[in-house]
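Just model-v9.pdb here, PDB, N, CA and C atoms:
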```pdb
MODEL        1
ATOM      1  N   MET A   1     -10.901 -24.960  -1.762
ATOM      2  CA  MET A   1     -10.768 -24.217  -0.528
ATOM      3  C   MET A   1     -11.124 -22.764  -0.761
ATOM      4  N   ASP A   2     -11.708 -22.147   0.238
ATOM      5  CA  ASP A   2     -12.051 -20.728   0.180
ATOM      6  C   ASP A   2     -10.908 -19.901   0.737
ATOM      7  N   THR A   3     -10.719 -18.720   0.160
ATOM      8  CA  THR A   3      -9.719 -17.772   0.646
ATOM      9  C   THR A   3     -10.434 -16.549   1.162
ATOM     10  N   MET A   4     -10.009 -16.063   2.339
ATOM     11  CA  MET A   4     -10.634 -14.893   2.951
ATOM     12  C   MET A   4      -9.559 -13.881   3.301
ATOM     13  N   LEU A   5      -9.913 -12.616   3.202
ATOM     14  CA  LEU A   5      -9.056 -11.530   3.639
ATOM     15  C   LEU A   5      -9.600 -11.055   4.975
ATOM     16  N   ILE A   6      -8.750 -11.027   5.995
ATOM     17  CA  ILE A   6      -9.199 -10.697   7.349
ATOM     18  C   ILE A   6      -8.414  -9.498   7.861
ATOM     19  N   GLN A   7      -9.128  -8.537   8.429
ATOM     20  CA  GLN A   7      -8.480  -7.401   9.084
ATOM     21  C   GLN A   7      -8.590  -7.600  10.580
ATOM     22  N   LEU A   8      -7.450  -7.625  11.255
ATOM     23  CA  LEU A   8      -7.443  -7.839  12.698
ATOM     24  C   LEU A   8      -7.761  -6.537  13.417
ATOM     25  N   THR A   9      -8.707  -6.593  14.335
ATOM     26  CA  THR A   9      -9.045  -5.419  15.131
ATOM     27  C   THR A   9      -8.473  -5.516  16.537
ATOM     28  N   ASN A  10      -7.905  -6.668  16.856
ATOM     29  CA  ASN A  10      -7.301  -6.883  18.161
ATOM     30  C   ASN A  10      -6.094  -7.800  17.969
ATOM     31  N   GLN A  11      -4.966  -7.465  18.575
ATOM     32  CA  GLN A  11      -3.745  -8.256  18.396
ATOM     33  C   GLN A  11      -3.890  -9.686  18.927
ATOM     34  N   LYS A  12      -4.808  -9.921  19.837
ATOM     35  CA  LYS A  12      -5.024 -11.277  20.347
ATOM     36  C   LYS A  12      -5.468 -12.207  19.220
ATOM     37  N   ALA A  13      -6.121 -11.650  18.222
ATOM     38  CA  ALA A  13      -6.595 -12.460  17.099
ATOM     39  C   ALA A  13      -5.426 -13.064  16.320
ATOM     40  N   ALA A  14      -4.290 -12.356  16.261
ATOM     41  CA  ALA A  14      -3.123 -12.888  15.554
ATOM     42  C   ALA A  14      -2.640 -14.169  16.213
ATOM     43  N   GLY A  15      -2.640 -14.184  17.535
ATOM     44  CA  GLY A  15      -2.245 -15.396  18.255
ATOM     45  C   GLY A  15      -3.204 -16.542  17.999
ATOM     46  N   LEU A  16      -4.495 -16.238  17.962
ATOM     47  CA  LEU A  16      -5.488 -17.273  17.681
ATOM     48  C   LEU A  16      -5.303 -17.846  16.278
ATOM     49  N   LEU A  17      -5.008 -16.968  15.318
ATOM     50  CA  LEU A  17      -4.786 -17.445  13.951
ATOM     51  C   LEU A  17      -3.547 -18.339  13.875
ATOM     52  N   ARG A  18      -2.496 -17.973  14.588
ATOM     53  CA  ARG A  18      -1.296 -18.823  14.610
ATOM     54  C   ARG A  18      -1.602 -20.203  15.214
ATOM     55  N   GLU A  19      -2.426 -20.206  16.262
ATOM     56  CA  GLU A  19      -2.805 -21.481  16.870
ATOM     57  C   GLU A  19      -3.618 -22.331  15.908
ATOM     58  N   LEU A  20      -4.542 -21.721  15.177
ATOM     59  CA  LEU A  20      -5.331 -22.454  14.191
ATOM     60  C   LEU A  20      -4.436 -23.002  13.078
ATOM     61  N   GLU A  21      -3.411 -22.250  12.729
ATOM     62  CA  GLU A  21      -2.489 -22.728  11.700
ATOM     63  C   GLU A  21      -1.679 -23.921  12.219
ATOM     64  N   GLU A  22      -1.261 -23.871  13.477
ATOM     65  CA  GLU A  22      -0.529 -24.998  14.065
ATOM     66  C   GLU A  22      -1.372 -26.266  14.117
ATOM     67  N   LEU A  23      -2.685 -26.105  14.234
ATOM     68  CA  LEU A  23      -3.600 -27.250  14.251
ATOM     69  C   LEU A  23      -3.962 -27.707  12.834
ATOM     70  N   ASN A  24      -3.353 -27.058  11.835
ATOM     71  CA  ASN A  24      -3.613 -27.365  10.428
ATOM     72  C   ASN A  24      -5.070 -27.159  10.042
ATOM     73  N   LEU A  25      -5.704 -26.183  10.675
ATOM     74  CA  LEU A  25      -7.079 -25.847  10.323
ATOM     75  C   LEU A  25      -7.122 -24.720   9.291
ATOM     76  N   ILE A  26      -6.118 -23.860   9.330
ATOM     77  CA  ILE A  26      -6.017 -22.768   8.361
ATOM     78  C   ILE A  26      -4.561 -22.645   7.937
ATOM     79  N   LYS A  27      -4.332 -21.855   6.888
ATOM     80  CA  LYS A  27      -2.974 -21.545   6.465
ATOM     81  C   LYS A  27      -2.896 -20.037   6.258
ATOM     82  N   VAL A  28      -1.968 -19.399   6.947
ATOM     83  CA  VAL A  28      -1.766 -17.964   6.788
ATOM     84  C   VAL A  28      -0.889 -17.769   5.564
ATOM     85  N   LEU A  29      -1.422 -17.063   4.566
ATOM     86  CA  LEU A  29      -0.706 -16.898   3.306
ATOM     87  C   LEU A  29       0.284 -15.745   3.347
ATOM     88  N   GLU A  30      -0.092 -14.646   3.980
ATOM     89  CA  GLU A  30       0.765 -13.470   3.995
ATOM     90  C   GLU A  30       0.438 -12.636   5.212
ATOM     91  N   GLU A  31       1.477 -12.131   5.846
ATOM     92  CA  GLU A  31       1.278 -11.217   6.953
ATOM     93  C   GLU A  31       1.619  -9.826   6.471
ATOM     94  N   ASN A  32       0.727  -8.885   6.700
ATOM     95  CA  ASN A  32       0.942  -7.501   6.306
ATOM     96  C   ASN A  32       1.363  -6.728   7.543
ATOM     97  N   ARG A  33       2.603  -6.298   7.586
ATOM     98  CA  ARG A  33       3.111  -5.583   8.749
ATOM     99  C   ARG A  33       3.166  -4.095   8.452
ATOM    100  N   LEU A  34       2.620  -3.302   9.374
ATOM    101  CA  LEU A  34       2.587  -1.864   9.189
ATOM    102  C   LEU A  34       3.956  -1.232   9.404
ATOM    103  N   ASP A  35       4.830  -1.872  10.180
ATOM    104  CA  ASP A  35       6.126  -1.282  10.469
ATOM    105  C   ASP A  35       7.077  -1.373   9.278
ATOM    106  N   GLU A  36       6.763  -2.176   8.292
ATOM    107  CA  GLU A  36       7.585  -2.301   7.094
ATOM    108  C   GLU A  36       6.957  -1.491   5.965
ATOM    109  N   LYS A  37       6.960  -0.173   6.125
ATOM    110  CA  LYS A  37       6.300   0.690   5.150
ATOM    111  C   LYS A  37       7.130   0.801   3.879
ATOM    112  N   THR A  38       6.450   0.772   2.759
ATOM    113  CA  THR A  38       7.074   0.955   1.461
ATOM    114  C   THR A  38       7.114   2.446   1.156
ATOM    115  N   LYS A  39       8.252   2.909   0.669
ATOM    116  CA  LYS A  39       8.348   4.315   0.289
ATOM    117  C   LYS A  39       7.409   4.566  -0.881
ATOM    118  N   LEU A  40       6.765   5.729  -0.881
ATOM    119  CA  LEU A  40       5.828   6.054  -1.947
ATOM    120  C   LEU A  40       6.517   6.088  -3.301
ATOM    121  N   SER A  41       7.768   6.534  -3.338
ATOM    122  CA  SER A  41       8.487   6.576  -4.616
ATOM    123  C   SER A  41       8.671   5.169  -5.173
ATOM    124  N   ASP A  42       8.908   4.186  -4.291
ATOM    125  CA  ASP A  42       9.033   2.798  -4.754
ATOM    126  C   ASP A  42       7.679   2.225  -5.157
ATOM    127  N   LYS A  43       6.651   2.593  -4.406
ATOM    128  CA  LYS A  43       5.317   2.064  -4.667
ATOM    129  C   LYS A  43       4.786   2.500  -6.026
ATOM    130  N   TYR A  44       5.039   3.761  -6.391
ATOM    131  CA  TYR A  44       4.452   4.310  -7.607
ATOM    132  C   TYR A  44       5.433   4.416  -8.767
ATOM    133  N   ARG A  45       6.659   3.928  -8.602
ATOM    134  CA  ARG A  45       7.650   3.990  -9.681
ATOM    135  C   ARG A  45       7.141   3.202 -10.889
ATOM    136  N   GLY A  46       7.189   3.841 -12.063
ATOM    137  CA  GLY A  46       6.803   3.180 -13.299
ATOM    138  C   GLY A  46       5.322   3.218 -13.615
ATOM    139  N   ILE A  47       4.527   3.887 -12.797
ATOM    140  CA  ILE A  47       3.086   3.940 -13.028
ATOM    141  C   ILE A  47       2.768   4.788 -14.265
ATOM    142  N   ILE A  48       3.483   5.921 -14.395
ATOM    143  CA  ILE A  48       3.281   6.760 -15.573
ATOM    144  C   ILE A  48       4.591   6.841 -16.340
ATOM    145  N   SER A  49       4.485   7.131 -17.618
ATOM    146  CA  SER A  49       5.687   7.209 -18.449
ATOM    147  C   SER A  49       6.461   8.493 -18.137
ATOM    148  N   LYS A  50       7.704   8.547 -18.598
ATOM    149  CA  LYS A  50       8.529   9.727 -18.381
ATOM    150  C   LYS A  50       7.901  10.952 -19.035
ATOM    151  N   GLU A  51       7.352  10.766 -20.231
ATOM    152  CA  GLU A  51       6.717  11.876 -20.940
ATOM    153  C   GLU A  51       5.501  12.400 -20.179
ATOM    154  N   GLU A  52       4.690  11.480 -19.659
ATOM    155  CA  GLU A  52       3.525  11.899 -18.879
ATOM    156  C   GLU A  52       3.958  12.628 -17.616
ATOM    157  N   GLY A  53       5.037  12.161 -16.991
ATOM    158  CA  GLY A  53       5.561  12.799 -15.790
ATOM    159  C   GLY A  53       6.046  14.208 -16.064
ATOM    160  N   GLU A  54       6.747  14.387 -17.183
ATOM    161  CA  GLU A  54       7.218  15.724 -17.553
ATOM    162  C   GLU A  54       6.046  16.651 -17.854
ATOM    163  N   LYS A  55       5.033  16.120 -18.507
ATOM    164  CA  LYS A  55       3.836  16.910 -18.806
ATOM    165  C   LYS A  55       3.129  17.315 -17.514
ATOM    166  N   LEU A  56       3.040  16.391 -16.573
ATOM    167  CA  LEU A  56       2.427  16.672 -15.275
ATOM    168  C   LEU A  56       3.222  17.733 -14.522
ATOM    169  N   ASN A  57       4.550  17.620 -14.517
ATOM    170  CA  ASN A  57       5.387  18.617 -13.851
ATOM    171  C   ASN A  57       5.197  19.990 -14.475
ATOM    172  N   GLY A  58       5.114  20.061 -15.805
ATOM    173  CA  GLY A  58       4.870  21.333 -16.487
ATOM    174  C   GLY A  58       3.543  21.938 -16.083
ATOM    175  N   HIS A  59       2.523  21.111 -15.987
ATOM    176  CA  HIS A  59       1.190  21.585 -15.588
ATOM    177  C   HIS A  59       1.216  22.109 -14.148
ATOM    178  N   ILE A  60       1.909  21.403 -13.274
ATOM    179  CA  ILE A  60       2.010  21.823 -11.872
ATOM    180  C   ILE A  60       2.729  23.162 -11.773
ATOM    181  N   GLN A  61       3.824  23.319 -12.522
ATOM    182  CA  GLN A  61       4.557  24.590 -12.510
ATOM    183  C   GLN A  61       3.678  25.732 -13.006
ATOM    184  N   GLN A  62       2.888  25.477 -14.046
ATOM    185  CA  GLN A  62       1.983  26.495 -14.579
ATOM    186  C   GLN A  62       0.955  26.900 -13.528
ATOM    187  N   MET A  63       0.363  25.916 -12.844
ATOM    188  CA  MET A  63      -0.628  26.218 -11.809
ATOM    189  C   MET A  63      -0.002  27.021 -10.674
ATOM    190  N   ARG A  64       1.219  26.666 -10.274
ATOM    191  CA  ARG A  64       1.888  27.391  -9.186
ATOM    192  C   ARG A  64       2.166  28.834  -9.590
ATOM    193  N   SER A  65       2.580  29.052 -10.828
ATOM    194  CA  SER A  65       2.861  30.418 -11.270
ATOM    195  C   SER A  65       1.573  31.235 -11.363
ATOM    196  N   GLU A  66       0.473  30.596 -11.729
ATOM    197  CA  GLU A  66      -0.809  31.299 -11.770
ATOM    198  C   GLU A  66      -1.229  31.746 -10.374
ATOM    199  N   TRP A  67      -0.998  30.903  -9.377
ATOM    200  CA  TRP A  67      -1.360  31.255  -8.011
ATOM    201  C   TRP A  67      -0.463  32.366  -7.479
ATOM    202  N   SER A  68       0.812  32.379  -7.868
ATOM    203  CA  SER A  68       1.709  33.426  -7.371
ATOM    204  C   SER A  68       1.415  34.770  -8.030
ATOM    205  N   ASN A  69       0.721  34.768  -9.162
ATOM    206  CA  ASN A  69       0.372  36.014  -9.847
ATOM    207  C   ASN A  69      -0.891  36.660  -9.284
ATOM    208  N   ILE A  70      -1.583  35.973  -8.408
ATOM    209  CA  ILE A  70      -2.856  36.494  -7.863
ATOM    210  C   ILE A  70      -2.576  37.524  -6.789
TER
ENDMDL
END
```

Using structure tokens, write down the structure that the file contains.
Amino acid sequence: MDTMLIQLTNQKAAGLLRELEELNLIKVLEENRLDEKTKLSDKYRGIISKEEGEKLNGHIQQMRSEWSNI
């Protein structure tokens, strides 16, 4: 079976997809709802190590102090 990723441009399409699923012609694997937003802190937690994060914070502080000295 082929798997496709579909972006709906009209909400009427969601109803059509549900009808096709009821007819056992397709299977909806996952619904992506925009109203259930993930917090950015949860989304990116663990992406960089603690040491890298501290180094990044130090660099940001240095850049901010350079701008305040101008």

Computed interatomic separation between atom CA of A:Leu56 and atom CA of A:Tyr44 (Å):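 Result for atom CA of A:Leu56 versus atom CA of A:Tyr44: 14.7 Å, one decimal.
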
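Take atom C of A:Lys43 and atom N of A:Ser65: the distance between them is 27.1 Å.
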
Matched chain/residue IDs from the PyMOL selection byres (((chain A and resi 1 and name CA) around 12) and name CA), as a list in words: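 Listing what the PyMOL selection byres (((chain A and resi 1 and name CA) around 12) and name CA) selects in the shown file: Asp2, Thr3, Met4, Leu25, Ile26 and Lys27 of chain A.
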
Every residue of stretch 7-66 of chain A that DSSP places in alpha helix (DSSP H), as a ChimeraX atom specification: /A:12-22,40-44,50-66

Atom N of A:Gln62 to atom C of A:Ser41, distance in Å rounded to a single decimal: 22.9 Å
